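A short write-up of the structure that comes next.
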Amino acid sequence: MPDDVTQIRTLITDWADAVHRGDLDGVLAGHAEDIVMYDVPPPHHGIHGLAAYGAAWPPFFAWQAQGACFDIETLDVTAGSEVAYAHALLRCATPEELAEHPTLRLRLTFGLRKQDGRWLVAHEHHSFPHD
């Protein structure tokens, strides 16, 4: 059985792969029913619950289908026995955006909890630096 850090890294990399493919079922897998996400676009008070989280993804998939990337560059995980957090930097932009801003990176933070022996993402925070 892989250790907790390895399980969480796999959960997050599988999630990012699902995002890149536009696979909503894969994006939702491994997320808690009571997920809270603070995303780049509104609503600024956050998205609460798995159904609302799922509803937020189709517009992103449509944008991404125009040639945007969603690639993890760095991923750090810290795990306790019941809770964990992770943070990552991703290339998330169209080729034109990256040409204009080659160092632009999406910042992600994940809060996870172990439920019935399985790690679930309970919190996500997505942001871009604001210059």
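The way I read the labels, and the way they are meant: chains A, B, ... in the order of the structure tokens, residue 1 as the first residue of every chain, and ligand 1 as the first ligand shown, with later ones counted on from there.
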Quick one: contact table of stretch 11-45 of chain A to stretch 120-125 of chain A, 7 Å max, nearest atom pair and distance in Å to one decimal per residue, counting only C-alpha atoms, chain and number order, as JSON lines?
```
{"residue": "A:Gly30", "atom": "CA", "partner": "A:Leu120", "partner_atom": "CA", "distance": 4.9}
{"residue": "A:His31", "atom": "CA", "partner": "A:Val121", "partner_atom": "CA", "distance": 4.6}
{"residue": "A:Ala32", "atom": "CA", "partner": "A:Ala122", "partner_atom": "CA", "distance": 5.3}
{"residue": "A:Asp34", "atom": "CA", "partner": "A:Ala122", "partner_atom": "CA", "distance": 6.7}
{"residue": "A:Ile35", "atom": "CA", "partner": "A:Ala122", "partner_atom": "CA", "distance": 4.5}
{"residue": "A:Val36", "atom": "CA", "partner": "A:His123", "partner_atom": "CA", "distance": 4.9}
{"residue": "A:Met37", "atom": "CA", "partner": "A:Glu124", "partner_atom": "CA", "distance": 4.6}
{"residue": "A:Tyr38", "atom": "CA", "partner": "A:His125", "partner_atom": "CA", "distance": 4.7}
{"residue": "A:Asp39", "atom": "CA", "partner": "A:His125", "partner_atom": "CA", "distance": 6.0}
```
For the interface of stretch 30-76 of chain A with stretch 85-104 of chain A (cut-off 10 Å, counting only C-alpha atoms), please tabulate each contacting residue of stretch 30-76 of chain A alongside its nearest pair of atoms and their separation in Å to one decimal, rows sorted by chain and increasing number, as CSV.
```
residue,atom,partner,partner_atom,distance
A:Trp63,CA,A:Thr94,CA,8.9
A:Gln64,CA,A:Thr94,CA,7.7
A:Ala65,CA,A:Thr94,CA,9.8
A:Gln66,CA,A:Thr94,CA,7.7
A:Gly67,CA,A:Thr94,CA,6.0
A:Ala68,CA,A:Thr94,CA,4.0
A:Cys69,CA,A:Cys92,CA,5.1
A:Phe70,CA,A:Cys92,CA,4.6
A:Asp71,CA,A:Arg91,CA,5.1
A:Ile72,CA,A:Leu90,CA,4.3
A:Glu73,CA,A:Leu90,CA,5.3
A:Thr74,CA,A:Ala88,CA,5.2
A:Leu75,CA,A:Ala88,CA,4.3
A:Asp76,CA,A:Ala86,CA,5.5
```
Requested write-out: C-alpha atoms of the selected residues, as a PDB file, in the first residue's frame:
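Writing the result to selection_32.pdb gives the following:
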```pdb
ATOM      1  CA  TRP A  63     -11.796  27.462 -22.824  1.00  0.00           C
ATOM      2  CA  GLN A  64      -9.135  24.762 -22.528  1.00  0.00           C
ATOM      3  CA  ALA A  65     -10.361  23.057 -25.734  1.00  0.00           C
ATOM      4  CA  GLN A  66      -9.078  26.105 -27.583  1.00  0.00           C
ATOM      5  CA  GLY A  67      -5.508  24.893 -26.968  1.00  0.00           C
ATOM      6  CA  ALA A  68      -4.753  25.860 -23.378  1.00  0.00           C
ATOM      7  CA  CYS A  69      -2.458  23.751 -21.218  1.00  0.00           C
ATOM      8  CA  PHE A  70      -2.999  22.487 -17.665  1.00  0.00           C
ATOM      9  CA  ASP A  71       0.339  21.033 -16.592  1.00  0.00           C
ATOM     10  CA  ILE A  72       1.655  20.560 -13.056  1.00  0.00           C
ATOM     11  CA  GLU A  73       5.183  21.930 -12.682  1.00  0.00           C
ATOM     12  CA  THR A  74       5.638  21.545  -8.934  1.00  0.00           C
ATOM     13  CA  LEU A  75       3.632  19.653  -6.333  1.00  0.00           C
ATOM     14  CA  ASP A  76       4.420  19.517  -2.621  1.00  0.00           C
TER      15      ASP A  76
END
```
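Taking only C-alpha atoms, the non-local environment of stretch 4-18 of chain A within 8 Å (same-chain residues fewer than 3 positions away omitted) comprises Arg21, Gly22, Asp23, Leu24, Gly26, Val27, Leu28, Ala29, Gly30, Phe70, Asp71, Ile72, Leu75, Val77, Thr78, Ala79 and Trp119 of chain A.
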Residues from last step as file, N, CA and C atoms, as a compact mmCIF listing (two decimals), in the first residue's frame:
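Contents of part.txt, as written:
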```txt
# COMPACT_ATOMS: atom_id res chain seq x y z
N ARG A 21 -8.01 16.47 -19.82
CA ARG A 21 -8.82 15.71 -20.79
C ARG A 21 -10.25 16.23 -20.89
N GLY A 22 -10.67 17.08 -19.94
CA GLY A 22 -12.06 17.51 -19.91
C GLY A 22 -12.99 16.42 -19.42
N ASP A 23 -12.49 15.57 -18.54
CA ASP A 23 -13.22 14.41 -18.01
C ASP A 23 -13.84 14.79 -16.66
N LEU A 24 -15.11 15.21 -16.68
CA LEU A 24 -15.76 15.68 -15.47
C LEU A 24 -15.82 14.61 -14.38
N GLY A 26 -13.76 12.21 -13.84
CA GLY A 26 -12.41 12.11 -13.28
C GLY A 26 -12.07 13.30 -12.40
N VAL A 27 -12.55 14.49 -12.76
CA VAL A 27 -12.31 15.69 -11.95
C VAL A 27 -13.01 15.56 -10.60
N LEU A 28 -14.22 15.02 -10.61
CA LEU A 28 -15.00 14.91 -9.37
C LEU A 28 -14.50 13.79 -8.46
N ALA A 29 -13.90 12.76 -9.04
CA ALA A 29 -13.42 11.63 -8.25
C ALA A 29 -12.41 12.13 -7.21
N GLY A 30 -12.51 11.63 -6.02
CA GLY A 30 -11.56 12.01 -4.99
C GLY A 30 -11.88 13.32 -4.30
N PHE A 70 -2.71 22.64 -19.09
CA PHE A 70 -3.00 22.49 -17.66
C PHE A 70 -1.99 21.47 -17.15
N ASP A 71 -0.78 21.93 -16.89
CA ASP A 71 0.34 21.03 -16.59
C ASP A 71 0.97 21.36 -15.24
N ILE A 72 1.01 20.38 -14.36
CA ILE A 72 1.65 20.56 -13.06
C ILE A 72 3.16 20.70 -13.26
N LEU A 75 4.67 20.14 -7.24
CA LEU A 75 3.63 19.65 -6.33
C LEU A 75 4.30 19.23 -5.04
N VAL A 77 3.47 17.98 -1.02
CA VAL A 77 2.42 17.40 -0.19
C VAL A 77 2.94 17.22 1.23
N THR A 78 2.12 17.59 2.21
CA THR A 78 2.39 17.33 3.62
C THR A 78 1.18 16.59 4.16
N ALA A 79 1.41 15.42 4.73
CA ALA A 79 0.30 14.58 5.19
C ALA A 79 0.46 14.20 6.65
N TRP A 119 -8.28 9.25 1.00
CA TRP A 119 -8.05 10.69 0.95
C TRP A 119 -9.05 11.36 0.01
```
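If you measure from each of A:His48, A:Pro58, A:Glu33, A:Glu82 to A:Gln115 using only C-alpha atoms, the closest one turns out to be A:Glu82.
You will find atom CA of A:Lys114 at 20.3 Å from atom CA of A:Asp25.
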### Message
I need the residues of stretch 2-121 of chain A that end up classed as alpha helix (DSSP H) by DSSP on the backbone, written out as a PyMOL selection string.
### Response
chain A and resi 4-21+24-28+50-64+95-100
### Query
So which one's closest to A:Pro129, A:Gly46, A:Leu108, A:Ala52, A:Pro59? Using only C-alpha atoms, please.
A:Leu108
Near A:Phe128, within 8 Å and counting only C-alpha atoms, which residues show up once chain neighbours fewer than 4 positions away are dropped, as a compact mmCIF listing (two decimals) with C-alpha atoms, in the first residue's frame?
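Final output, around_13.txt:
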```txt
# COMPACT_ATOMS: atom_id res chain seq x y z
CA VAL A 40 -10.15 32.52 -10.20
CA LEU A 104 2.66 32.94 -15.60
CA ARG A 105 1.62 30.10 -13.31
CA LEU A 106 -1.64 29.05 -11.68
CA ARG A 107 -1.27 28.56 -7.93
```
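The interatomic distance for the pair atom CA of A:Pro41 and atom CA of A:Tyr53 works out to 12.7 Å.
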